[in-house]
>>> print(open('run.cif').read())   # mmCIF, C-alpha atoms
data_protein
#
loop_
_atom_site.group_PDB
_atom_site.id
_atom_site.type_symbol
_atom_site.label_atom_id
_atom_site.label_comp_id
_atom_site.auth_asym_id
_atom_site.auth_seq_id
_atom_site.Cartn_x
_atom_site.Cartn_y
_atom_site.Cartn_z
ATOM 1 C CA MET F 201 82.350 78.010 6.888
ATOM 2 C CA THR F 202 84.915 80.740 7.531
ATOM 3 C CA THR F 203 86.229 82.236 4.295
ATOM 4 C CA ILE F 204 89.536 84.123 4.088
ATOM 5 C CA LEU F 205 90.782 86.139 1.118
ATOM 6 C CA SER F 206 94.564 85.840 1.462
ATOM 7 C CA ILE F 207 96.615 88.339 -0.569
ATOM 8 C CA GLN F 208 100.261 87.339 -0.283
ATOM 9 C CA SER F 209 103.351 86.151 -2.094
ATOM 10 C CA SER F 210 103.629 82.599 -3.381
ATOM 11 C CA VAL F 211 106.543 80.245 -4.044
ATOM 12 C CA ALA F 212 106.625 76.992 -5.971
ATOM 13 C CA TYR F 213 109.271 75.461 -3.691
ATOM 14 C CA GLY F 214 108.941 75.860 0.053
ATOM 15 C CA HIS F 215 106.535 77.652 2.337
ATOM 16 C CA VAL F 216 106.262 81.418 2.684
ATOM 17 C CA GLY F 217 103.357 83.810 2.153
ATOM 18 C CA ASN F 218 100.330 82.072 0.719
ATOM 19 C CA SER F 219 102.437 78.929 0.378
ATOM 20 C CA ALA F 220 102.723 78.930 4.178
ATOM 21 C CA ALA F 221 99.168 80.058 4.921
ATOM 22 C CA THR F 222 96.768 78.388 2.490
ATOM 23 C CA PHE F 223 97.224 74.720 3.413
ATOM 24 C CA PRO F 224 97.279 75.301 7.201
ATOM 25 C CA LEU F 225 94.154 77.447 7.002
ATOM 26 C CA MET F 226 92.366 74.791 4.963
ATOM 27 C CA ARG F 227 93.578 72.069 7.339
ATOM 28 C CA VAL F 228 91.915 73.846 10.270
ATOM 29 C CA GLY F 229 88.654 74.178 8.345
ATOM 30 C CA CYS F 230 88.783 77.560 6.615
ATOM 31 C CA GLU F 231 87.899 78.207 2.992
ATOM 32 C CA VAL F 232 90.815 80.128 1.462
ATOM 33 C CA TRP F 233 90.846 82.211 -1.690
ATOM 34 C CA PRO F 234 94.544 82.933 -2.399
ATOM 35 C CA VAL F 235 95.454 86.010 -4.427
ATOM 36 C CA LEU F 236 99.142 86.250 -5.370
ATOM 37 C CA THR F 237 101.369 89.329 -5.237
ATOM 38 C CA VAL F 238 104.448 87.474 -6.524
ATOM 39 C CA HIS F 239 105.017 83.966 -7.806
ATOM 40 C CA PHE F 240 108.640 83.025 -7.278
ATOM 41 C CA SER F 241 110.478 79.756 -7.632
ATOM 42 C CA ASN F 242 111.574 79.964 -3.973
ATOM 43 C CA ASN F 243 111.869 82.435 -1.124
ATOM 44 C CA THR F 244 114.504 85.161 -1.104
ATOM 45 C CA SER F 245 116.707 83.557 1.561
ATOM 46 C CA TYR F 246 118.225 81.419 -1.209
ATOM 47 C CA PRO F 247 121.044 82.763 -3.420
ATOM 48 C CA GLY F 248 118.677 83.357 -6.332
ATOM 49 C CA LYS F 249 115.052 83.203 -7.419
ATOM 50 C CA LYS F 250 113.010 83.359 -10.597
ATOM 51 C CA GLY F 251 109.451 84.259 -11.365
ATOM 52 C CA PRO F 252 107.153 87.257 -11.765
ATOM 53 C CA LEU F 253 106.452 90.136 -9.444
ATOM 54 C CA LEU F 254 102.782 90.705 -10.145
ATOM 55 C CA ARG F 255 101.345 94.167 -10.690
ATOM 56 C CA PRO F 256 98.707 95.888 -8.584
ATOM 57 C CA GLU F 257 96.500 95.744 -11.690
ATOM 58 C CA ASP F 258 96.790 91.945 -11.625
ATOM 59 C CA VAL F 259 95.536 91.791 -8.056
ATOM 60 C CA HIS F 260 92.727 94.195 -8.957
ATOM 61 C CA ASP F 261 91.675 92.021 -11.890
ATOM 62 C CA VAL F 262 91.660 88.801 -9.856
ATOM 63 C CA VAL F 263 89.551 90.318 -7.082
ATOM 64 C CA ALA F 264 87.257 91.981 -9.630
ATOM 65 C CA GLY F 265 86.746 88.576 -11.213
ATOM 66 C CA ILE F 266 85.758 87.117 -7.849
ATOM 67 C CA ASP F 267 83.397 90.028 -7.300
ATOM 68 C CA ASP F 268 81.834 89.448 -10.718
ATOM 69 C CA LEU F 269 80.795 86.011 -9.455
ATOM 70 C CA GLY F 270 78.777 87.677 -6.712
ATOM 71 C CA VAL F 271 80.591 85.810 -3.938
ATOM 72 C CA LEU F 272 82.866 88.460 -2.404
ATOM 73 C CA GLY F 273 80.316 89.027 0.353
ATOM 74 C CA ARG F 274 81.143 85.570 1.701
ATOM 75 C CA VAL F 275 84.596 86.742 2.786
ATOM 76 C CA ASP F 276 84.931 86.935 6.574
ATOM 77 C CA ALA F 277 88.481 88.287 6.599
ATOM 78 C CA VAL F 278 91.225 89.611 4.362
ATOM 79 C CA LEU F 279 94.732 88.441 5.293
ATOM 80 C CA THR F 280 97.853 90.116 3.924
ATOM 81 C CA GLY F 281 101.584 89.706 4.410
ATOM 82 C CA TYR F 282 104.490 90.880 2.249
ATOM 83 C CA GLN F 283 103.152 93.642 0.002
ATOM 84 C CA GLY F 284 105.999 94.097 -2.490
ATOM 85 C CA ALA F 285 105.736 97.848 -3.101
ATOM 86 C CA PRO F 286 103.682 100.838 -1.871
ATOM 87 C CA ALA F 287 101.553 100.679 -5.030
ATOM 88 C CA MET F 288 100.587 97.098 -4.171
ATOM 89 C CA GLY F 289 99.776 98.206 -0.643
ATOM 90 C CA ALA F 290 97.464 100.891 -1.999
ATOM 91 C CA GLU F 291 95.672 98.329 -4.174
ATOM 92 C CA ILE F 292 95.279 96.022 -1.187
ATOM 93 C CA LEU F 293 93.577 98.805 0.758
ATOM 94 C CA GLU F 294 91.173 99.200 -2.162
ATOM 95 C CA VAL F 295 90.442 95.469 -2.001
ATOM 96 C CA VAL F 296 89.847 95.661 1.749
ATOM 97 C CA ALA F 297 87.405 98.535 1.236
ATOM 98 C CA LEU F 298 85.544 96.570 -1.444
ATOM 99 C CA VAL F 299 85.309 93.447 0.710
ATOM 100 C CA LYS F 300 83.946 95.502 3.615
ATOM 101 C CA GLN F 301 81.447 97.096 1.263
ATOM 102 C CA ARG F 302 80.234 93.639 0.262
ATOM 103 C CA ASN F 303 80.347 92.345 3.862
ATOM 104 C CA PRO F 304 80.481 95.040 6.575
ATOM 105 C CA GLN F 305 81.302 92.366 9.170
ATOM 106 C CA ALA F 306 84.516 91.341 7.396
ATOM 107 C CA ILE F 307 87.807 92.168 9.107
ATOM 108 C CA TYR F 308 91.281 92.970 7.819
ATOM 109 C CA CYS F 309 94.271 91.164 9.345
ATOM 110 C CA CYS F 310 97.633 92.630 8.345
ATOM 111 C CA ASP F 311 100.950 90.951 9.011
ATOM 112 C CA PRO F 312 103.261 93.953 8.449
ATOM 113 C CA VAL F 313 106.190 92.066 6.959
ATOM 114 C CA MET F 314 109.052 94.565 6.972
ATOM 115 C CA GLY F 315 112.042 93.487 9.019
ATOM 116 C CA ASP F 316 113.421 91.794 12.090
ATOM 117 C CA VAL F 317 116.073 92.009 14.764
ATOM 118 C CA GLY F 318 119.527 91.388 13.305
ATOM 119 C CA ARG F 319 118.323 91.954 9.736
ATOM 120 C CA GLY F 320 116.847 95.420 9.883
ATOM 121 C CA MET F 321 114.375 96.337 7.146
ATOM 122 C CA TYR F 322 114.483 93.874 4.255
ATOM 123 C CA VAL F 323 111.683 95.262 2.070
ATOM 124 C CA LEU F 324 111.812 97.936 -0.626
ATOM 125 C CA PRO F 325 112.163 101.563 0.503
ATOM 126 C CA GLY F 326 108.798 103.174 1.125
ATOM 127 C CA ILE F 327 106.974 100.038 2.263
ATOM 128 C CA PRO F 328 107.576 100.470 6.019
ATOM 129 C CA GLU F 329 106.414 104.074 5.867
ATOM 130 C CA PHE F 330 103.362 103.160 3.779
ATOM 131 C CA VAL F 331 102.359 100.481 6.282
ATOM 132 C CA ARG F 332 102.881 102.860 9.190
ATOM 133 C CA ASP F 333 101.121 105.836 7.635
ATOM 134 C CA HIS F 334 98.255 104.151 5.781
ATOM 135 C CA VAL F 335 97.756 100.457 6.549
ATOM 136 C CA VAL F 336 97.707 100.604 10.346
ATOM 137 C CA ALA F 337 94.613 102.805 10.365
ATOM 138 C CA ALA F 338 92.762 100.392 8.049
ATOM 139 C CA ALA F 339 93.615 97.157 9.883
ATOM 140 C CA ASP F 340 91.372 95.447 12.424
ATOM 141 C CA VAL F 341 94.085 92.980 13.451
ATOM 142 C CA MET F 342 97.858 93.414 13.171
ATOM 143 C CA THR F 343 100.566 90.836 13.862
ATOM 144 C CA PRO F 344 103.932 92.644 13.998
ATOM 145 C CA ASN F 345 107.042 91.083 15.424
ATOM 146 C CA HIS F 346 108.829 92.966 18.203
ATOM 147 C CA PHE F 347 111.085 94.845 15.758
ATOM 148 C CA GLU F 348 108.146 95.884 13.570
ATOM 149 C CA LEU F 349 106.113 97.000 16.599
ATOM 150 C CA ASN F 350 108.908 99.371 17.585
ATOM 151 C CA PHE F 351 109.050 100.874 14.097
ATOM 152 C CA LEU F 352 105.292 101.266 13.723
ATOM 153 C CA THR F 353 104.992 103.060 17.057
ATOM 154 C CA GLY F 354 108.275 104.981 16.995
ATOM 155 C CA ARG F 355 109.265 103.430 20.313
ATOM 156 C CA GLU F 356 111.974 101.245 21.759
ATOM 157 C CA SER F 357 110.465 98.566 23.985
ATOM 158 C CA SER F 358 112.827 96.436 26.039
ATOM 159 C CA THR F 359 110.609 95.543 28.996
ATOM 160 C CA LEU F 360 107.291 93.722 29.016
ATOM 161 C CA ASP F 361 105.469 96.844 30.195
ATOM 162 C CA GLU F 362 107.020 98.812 27.336
ATOM 163 C CA VAL F 363 105.899 96.166 24.825
ATOM 164 C CA LEU F 364 102.356 96.290 26.195
ATOM 165 C CA ASP F 365 102.361 100.090 26.091
ATOM 166 C CA ALA F 366 103.614 100.007 22.485
ATOM 167 C CA ALA F 367 100.905 97.509 21.539
ATOM 168 C CA GLY F 368 98.371 99.827 23.146
ATOM 169 C CA ALA F 369 99.769 102.744 21.156
ATOM 170 C CA LEU F 370 99.421 100.718 17.956
ATOM 171 C CA ARG F 371 95.826 99.853 18.853
ATOM 172 C CA ALA F 372 95.117 103.551 19.338
ATOM 173 C CA GLN F 373 95.996 104.085 15.663
ATOM 174 C CA GLY F 374 93.385 101.624 14.374
ATOM 175 C CA PRO F 375 93.643 97.873 15.026
ATOM 176 C CA GLU F 376 91.325 96.405 17.632
ATOM 177 C CA VAL F 377 93.598 93.407 18.215
ATOM 178 C CA VAL F 378 97.402 93.342 18.132
ATOM 179 C CA LEU F 379 99.489 90.174 18.259
ATOM 180 C CA VAL F 380 103.189 90.785 18.894
ATOM 181 C CA THR F 381 105.478 87.904 17.974
ATOM 182 C CA SER F 382 109.139 87.167 18.738
ATOM 183 C CA VAL F 383 108.969 89.201 21.931
ATOM 184 C CA VAL F 384 112.243 89.211 23.860
ATOM 185 C CA VAL F 385 112.412 91.450 26.926
ATOM 186 C CA ASP F 386 114.872 92.274 29.668
ATOM 187 C CA GLY F 387 114.963 89.639 32.366
ATOM 188 C CA ALA F 388 113.490 86.848 30.255
ATOM 189 C CA ALA F 389 115.286 83.511 30.073
ATOM 190 C CA ASP F 390 117.708 83.381 27.136
ATOM 191 C CA ASP F 391 116.186 80.177 25.791
ATOM 192 C CA THR F 392 112.595 81.459 25.600
ATOM 193 C CA VAL F 393 110.509 83.734 23.395
ATOM 194 C CA MET F 394 107.081 85.253 24.020
ATOM 195 C CA MET F 395 103.960 85.959 21.984
ATOM 196 C CA VAL F 396 101.630 88.688 23.270
ATOM 197 C CA ALA F 397 98.021 89.479 22.313
ATOM 198 C CA VAL F 398 96.363 92.765 23.267
ATOM 199 C CA ASP F 399 92.825 94.053 22.808
ATOM 200 C CA GLY F 400 90.507 96.457 24.605
ATOM 201 C CA GLU F 401 89.809 93.951 27.366
ATOM 202 C CA GLY F 402 93.376 93.072 28.356
ATOM 203 C CA ALA F 403 96.677 91.503 27.386
ATOM 204 C CA TRP F 404 97.825 87.883 27.375
ATOM 205 C CA GLY F 405 101.173 86.236 26.828
ATOM 206 C CA VAL F 406 102.526 82.782 26.027
ATOM 207 C CA THR F 407 106.172 81.824 26.514
ATOM 208 C CA THR F 408 107.681 78.977 24.506
ATOM 209 C CA PRO F 409 111.184 77.505 24.244
ATOM 210 C CA LEU F 410 113.501 79.157 21.740
ATOM 211 C CA LEU F 411 114.496 76.587 19.131
ATOM 212 C CA GLY F 412 117.644 78.454 18.188
ATOM 213 C CA ARG F 413 117.324 78.701 14.428
ATOM 214 C CA THR F 414 115.544 80.815 11.831
ATOM 215 C CA PHE F 415 112.352 79.520 10.205
ATOM 216 C CA THR F 416 111.464 81.313 6.982
ATOM 217 C CA GLY F 417 107.683 81.545 6.722
ATOM 218 C CA SER F 418 106.996 81.095 10.429
ATOM 219 C CA GLY F 419 105.554 84.601 10.683
ATOM 220 C CA ASP F 420 103.190 83.887 7.795
ATOM 221 C CA LEU F 421 102.051 80.689 9.497
ATOM 222 C CA THR F 422 101.615 82.515 12.805
ATOM 223 C CA ALA F 423 99.447 85.276 11.343
ATOM 224 C CA ALA F 424 97.260 82.739 9.538
ATOM 225 C CA MET F 425 96.769 80.541 12.589
ATOM 226 C CA PHE F 426 96.038 83.511 14.842
ATOM 227 C CA LEU F 427 93.439 84.871 12.431
ATOM 228 C CA ALA F 428 91.770 81.462 12.115
ATOM 229 C CA ALA F 429 91.673 80.998 15.883
ATOM 230 C CA LEU F 430 90.412 84.542 16.456
ATOM 231 C CA LEU F 431 87.610 84.080 13.929
ATOM 232 C CA ALA F 432 86.693 80.730 15.499
ATOM 233 C CA THR F 433 86.712 81.852 19.137
ATOM 234 C CA GLY F 434 86.333 85.619 19.167
ATOM 235 C CA SER F 435 88.891 85.598 21.981
ATOM 236 C CA PRO F 436 92.462 86.942 21.650
ATOM 237 C CA GLU F 437 93.332 85.042 24.815
ATOM 238 C CA ARG F 438 92.288 81.709 23.359
ATOM 239 C CA ALA F 439 93.670 82.601 19.936
ATOM 240 C CA VAL F 440 97.185 83.405 21.195
ATOM 241 C CA GLY F 441 97.276 80.163 23.176
ATOM 242 C CA ARG F 442 96.154 78.090 20.229
ATOM 243 C CA THR F 443 98.585 79.847 17.914
ATOM 244 C CA ALA F 444 101.564 79.279 20.192
ATOM 245 C CA ASP F 445 100.723 75.592 20.549
ATOM 246 C CA VAL F 446 100.338 75.039 16.810
ATOM 247 C CA VAL F 447 103.303 77.086 15.633
ATOM 248 C CA TYR F 448 105.730 75.689 18.189
ATOM 249 C CA SER F 449 104.631 72.142 17.370
ATOM 250 C CA VAL F 450 105.209 72.722 13.641
ATOM 251 C CA LEU F 451 108.589 74.370 14.216
ATOM 252 C CA GLU F 452 109.673 71.603 16.582
ATOM 253 C CA ARG F 453 108.761 68.979 13.964
ATOM 254 C CA THR F 454 110.642 70.953 11.318
ATOM 255 C CA THR F 455 113.706 71.015 13.580
ATOM 256 C CA GLN F 456 113.348 67.326 14.373
ATOM 257 C CA LEU F 457 113.324 66.524 10.645
ATOM 258 C CA ASP F 458 116.238 68.908 10.018
ATOM 259 C CA GLN F 459 114.341 70.635 7.210
ATOM 260 C CA ARG F 460 115.095 74.126 5.946
ATOM 261 C CA GLU F 461 111.494 74.693 4.853
ATOM 262 C CA LEU F 462 108.546 74.408 7.234
ATOM 263 C CA ALA F 463 107.442 70.780 7.529
ATOM 264 C CA LEU F 464 103.786 71.640 6.975
ATOM 265 C CA VAL F 465 102.771 68.339 5.405
ATOM 266 C CA ALA F 466 104.688 66.162 7.845
ATOM 267 C CA ALA F 467 103.355 68.241 10.755
ATOM 268 C CA GLN F 468 99.823 68.666 9.444
ATOM 269 C CA ASP F 469 98.247 66.856 12.396
ATOM 270 C CA ASP F 470 99.881 69.453 14.681
ATOM 271 C CA LEU F 471 97.801 72.097 12.936
ATOM 272 C CA VAL F 472 94.667 70.441 14.314
ATOM 273 C CA SER F 473 95.955 68.684 17.452
ATOM 274 C CA PRO F 474 99.290 70.225 18.466
ATOM 275 C CA ARG F 475 101.638 67.975 20.434
ATOM 276 C CA PHE F 476 102.753 70.827 22.673
ATOM 277 C CA THR F 477 100.589 73.070 24.850
ATOM 278 C CA PHE F 478 101.616 76.159 26.773
ATOM 279 C CA GLU F 479 100.042 78.232 29.531
ATOM 280 C CA VAL F 480 98.432 81.527 28.659
ATOM 281 C CA THR F 481 99.145 84.228 31.272
ATOM 282 C CA ARG F 482 97.101 87.374 31.744
ATOM 283 C CA LEU F 483 99.479 90.319 31.620
ATOM 284 C CA ARG F 484 96.992 93.165 32.097
#
>>> encode(input="run.cif", output="structure tokens")
Amino acid sequence: MTTILSIQSSVAYGHVGNSAATFPLMRVGCEVWPVLTVHFSNNTSYPGKKGPLLRPEDVHDVVAGIDDLGVLGRVDAVLTGYQGAPAMGAEILEVVALVKQRNPQAIYCCDPVMGDVGRGMYVLPGIPEFVRDHVVAAADVMTPNHFELNFLTGRESSTLDEVLDAAGALRAQGPEVVLVTSVVVDGAADDTVMMVAVDGEGAWGVTTPLLGRTFTGSGDLTAAMFLAALLATGSPERAVGRTADVVYSVLERTTQLDQRELALVAAQDDLVSPRFTFEVTRLR
């Protein structure tokens, strides 16, 4: 059974970070060991929140406790999202190194949660630079959105070729596989959005309808589903297709139910058998 060590934020109400990743990963058949970086009452899109921001030492202790059980070698992948502060990012890299020491076949999938179009950077100062300067080189898989891809590569990409070139530039810094989400390029239909996967063998894209609203936690769900599909198939082409089908189906159900938070429980069957399927196109 695939085992994923997921180091992310957690909320009691709603679905972001581990609260958006753990149940979907389990529903598709993965064993998940969640390690929390924060434990808030709700996500930060609400007017207020309560709860602790955990320390890097807390993450260290939790992982050390797992290692003491002699089971850390079972981990097939480490998944991370929002990292909180550069010090937490540094601790996460230590965890990744330890996991790879215990299991040299394990991979590190980083969702570089930093910002987005229209919002700019929404994390603490220093995090984007830490991810760019230290995390990229350590990651085997990265899942930036279009805005984050531009920052990490120091480029502006407005055409599909420019996005693919930027993804290639990111791969040259470390990751073997790059998934770019929320891709909007010149000439694309206004009511569509694209997801692009790139590895050493080629590039593939999937275009889905644009639902016209913001879904907090959708990036966390996307990274989790892509990692699960990649581990299951070994194919970025198949993984990006599966991810697009699942994520769009969940977001469509959330919209249909007029819910602010992702409708993960109501849409749980879509995680396994998505109602919508989309064509995967080879781009390079």
>>> atom_distance(input="run.cif", atom1="CA of Thr455 in chain F", atom2="CA of Thr414 in chain F")
10.1 Å
>>> resolve_selection(input="run.cif", expression="the PyMOL selection byres ((chain F and resi 239-246) around 10)", output="compact mmCIF listing (two decimals) with C-alpha atoms, in the frame of the given file")
# COMPACT_ATOMS: atom_id res chain seq x y z
CA GLN F 208 100.26 87.34 -0.28
CA SER F 209 103.35 86.15 -2.09
CA SER F 210 103.63 82.60 -3.38
CA VAL F 211 106.54 80.24 -4.04
CA ALA F 212 106.62 76.99 -5.97
CA TYR F 213 109.27 75.46 -3.69
CA GLY F 214 108.94 75.86 0.05
CA HIS F 215 106.54 77.65 2.34
CA VAL F 216 106.26 81.42 2.68
CA GLY F 217 103.36 83.81 2.15
CA ASN F 218 100.33 82.07 0.72
CA SER F 219 102.44 78.93 0.38
CA LEU F 236 99.14 86.25 -5.37
CA THR F 237 101.37 89.33 -5.24
CA VAL F 238 104.45 87.47 -6.52
CA PRO F 247 121.04 82.76 -3.42
CA GLY F 248 118.68 83.36 -6.33
CA LYS F 249 115.05 83.20 -7.42
CA LYS F 250 113.01 83.36 -10.60
CA GLY F 251 109.45 84.26 -11.36
CA PRO F 252 107.15 87.26 -11.76
CA LEU F 253 106.45 90.14 -9.44
CA LEU F 254 102.78 90.70 -10.14
CA THR F 416 111.46 81.31 6.98
CA GLY F 417 107.68 81.54 6.72
CA GLU F 461 111.49 74.69 4.85
>>> resolve_selection(input="run.cif", expression="the PyMOL selection byres ((chain F and resi 367-374) around 10)", output="NGL selection string")
:F and (332-333 or 335-342 or 344 or 346 or 349-350 or 352-355 or 357 or 361-366 or 375-380 or 396-400 or 402-403)
>>> atom_distance(input="run.cif", atom1="CA of Met314 in chain F", atom2="CA of Phe347 in chain F")
9.0 Å
>>> residues_around(input="run.cif", residues="Leu431 in chain F", least_positions_apart="6", cutoff="10 Å", atoms="only C-alpha atoms", output="PyMOL selection string")
chain F and resi 202-203+230+276-277+307+425+439
>>> residues_near_point(input="run.cif", point="(83.2, 94.6, 3.0)", cutoff="10 Å", atoms="all atoms listed in the file", output="list in words")
Leu272, Gly273, Arg274, Val275, Asp276, Ala277, Val278, Val295, Val296, Ala297, Leu298, Val299, Lys300, Gln301, Arg302, Asn303, Pro304, Gln305, Ala306, Ile307 and Tyr308 of chain F
>>> resolve_selection(input="run.cif", expression="the PyMOL selection byres ((chain F and resi 279) around 7)", output="MDAnalysis selection string")
chainID F and resid 204:207 277:278 280 308:310
>>> closest_residue(input="run.cif", among="F:Leu360, F:Leu421, F:Val472, F:Ala220", to="Asp386 in chain F", atoms="only C-alpha atoms")
F:Leu360
>>> atom_distance(input="run.cif", atom1="CA of Phe223 in chain F", atom2="CA of Ala285 in chain F")
25.5 Å
>>> closest_residue(input="run.cif", among="F:Val262, F:Val447, F:Val232, F:Val393", to="Gly419 in chain F", atoms="all atoms listed in the file")
F:Val447
>>> closest_residue(input="run.cif", among="F:Glu437, F:Glu348, F:Glu356, F:Asp469", to="Arg319 in chain F", atoms="all atoms listed in the file")
F:Glu348
>>> closest_residue(input="run.cif", among="F:Val228, F:Val385, F:Leu483, F:Val446", to="Thr359 in chain F", atoms="all atoms listed in the file")
F:Val385
>>> closest_residue(input="run.cif", among="F:Ala264, F:Val259, F:Ala423, F:Gly320", to="Glu291 in chain F", atoms="all atoms listed in the file")
F:Val259
>>> closest_residue(input="run.cif", among="F:Asp458, F:Glu452, F:Asp420, F:Glu257", to="Leu225 in chain F", atoms="only C-alpha atoms")
F:Asp420
>>> residues_around(input="run.cif", residues="Ala467 in chain F", least_positions_apart="3", cutoff="7 Å", atoms="all atoms listed in the file", output="PDB file with C-alpha atoms, in the coordinates of the input")
ATOM      1  CA  VAL F 450     105.209  72.722  13.641  1.00  0.00           C
ATOM      2  CA  ARG F 453     108.761  68.979  13.964  1.00  0.00           C
ATOM      3  CA  ALA F 463     107.442  70.780   7.529  1.00  0.00           C
ATOM      4  CA  LEU F 464     103.786  71.640   6.975  1.00  0.00           C
ATOM      5  CA  ASP F 470      99.881  69.453  14.681  1.00  0.00           C
TER       6      ASP F 470
END
>>> decode(input="run.cif", residues="range 231-248 of chain F", atoms="N, CA and C atoms", output="compact mmCIF listing (two decimals), in the first residue's frame")
# COMPACT_ATOMS: atom_id res chain seq x y z
N GLU F 231 -2.25 5.10 2.30
CA GLU F 231 -2.06 5.27 3.74
C GLU F 231 -1.45 6.65 3.94
N VAL F 232 -2.03 7.45 4.84
CA VAL F 232 -1.55 8.81 5.05
C VAL F 232 -1.16 9.01 6.51
N TRP F 233 0.04 9.56 6.71
CA TRP F 233 0.48 9.93 8.04
C TRP F 233 0.56 11.45 8.09
N PRO F 234 -0.47 12.14 8.60
CA PRO F 234 -0.47 13.60 8.61
C PRO F 234 0.37 14.17 9.75
N VAL F 235 1.21 15.11 9.41
CA VAL F 235 2.00 15.88 10.38
C VAL F 235 1.59 17.33 10.21
N LEU F 236 1.22 18.01 11.30
CA LEU F 236 0.63 19.34 11.22
C LEU F 236 1.67 20.44 11.44
N THR F 237 1.55 21.50 10.62
CA THR F 237 2.39 22.68 10.80
C THR F 237 1.63 23.78 11.54
N VAL F 238 0.32 23.82 11.37
CA VAL F 238 -0.56 24.69 12.15
C VAL F 238 -1.83 23.90 12.42
N HIS F 239 -2.55 24.31 13.46
CA HIS F 239 -3.88 23.73 13.68
C HIS F 239 -4.83 24.87 14.03
N PHE F 240 -5.48 25.38 12.98
CA PHE F 240 -6.35 26.53 13.14
C PHE F 240 -7.82 26.10 13.18
N SER F 241 -8.63 27.01 13.68
CA SER F 241 -10.07 26.76 13.69
C SER F 241 -10.63 26.71 12.28
N ASN F 242 -10.07 27.50 11.37
CA ASN F 242 -10.58 27.64 10.00
C ASN F 242 -9.47 28.24 9.15
N ASN F 243 -9.69 28.28 7.85
CA ASN F 243 -8.66 28.84 6.97
C ASN F 243 -8.66 30.36 7.03
N THR F 244 -7.60 30.97 6.51
CA THR F 244 -7.39 32.40 6.69
C THR F 244 -8.21 33.28 5.75
N SER F 245 -9.07 32.70 4.94
CA SER F 245 -9.95 33.52 4.10
C SER F 245 -11.12 34.09 4.89
N TYR F 246 -11.33 33.57 6.11
CA TYR F 246 -12.38 34.09 6.98
C TYR F 246 -11.85 35.31 7.74
N PRO F 247 -12.75 36.11 8.32
CA PRO F 247 -12.30 37.33 9.02
C PRO F 247 -11.34 37.07 10.18
N GLY F 248 -11.45 35.93 10.82
CA GLY F 248 -10.55 35.62 11.94
C GLY F 248 -10.30 34.14 12.03
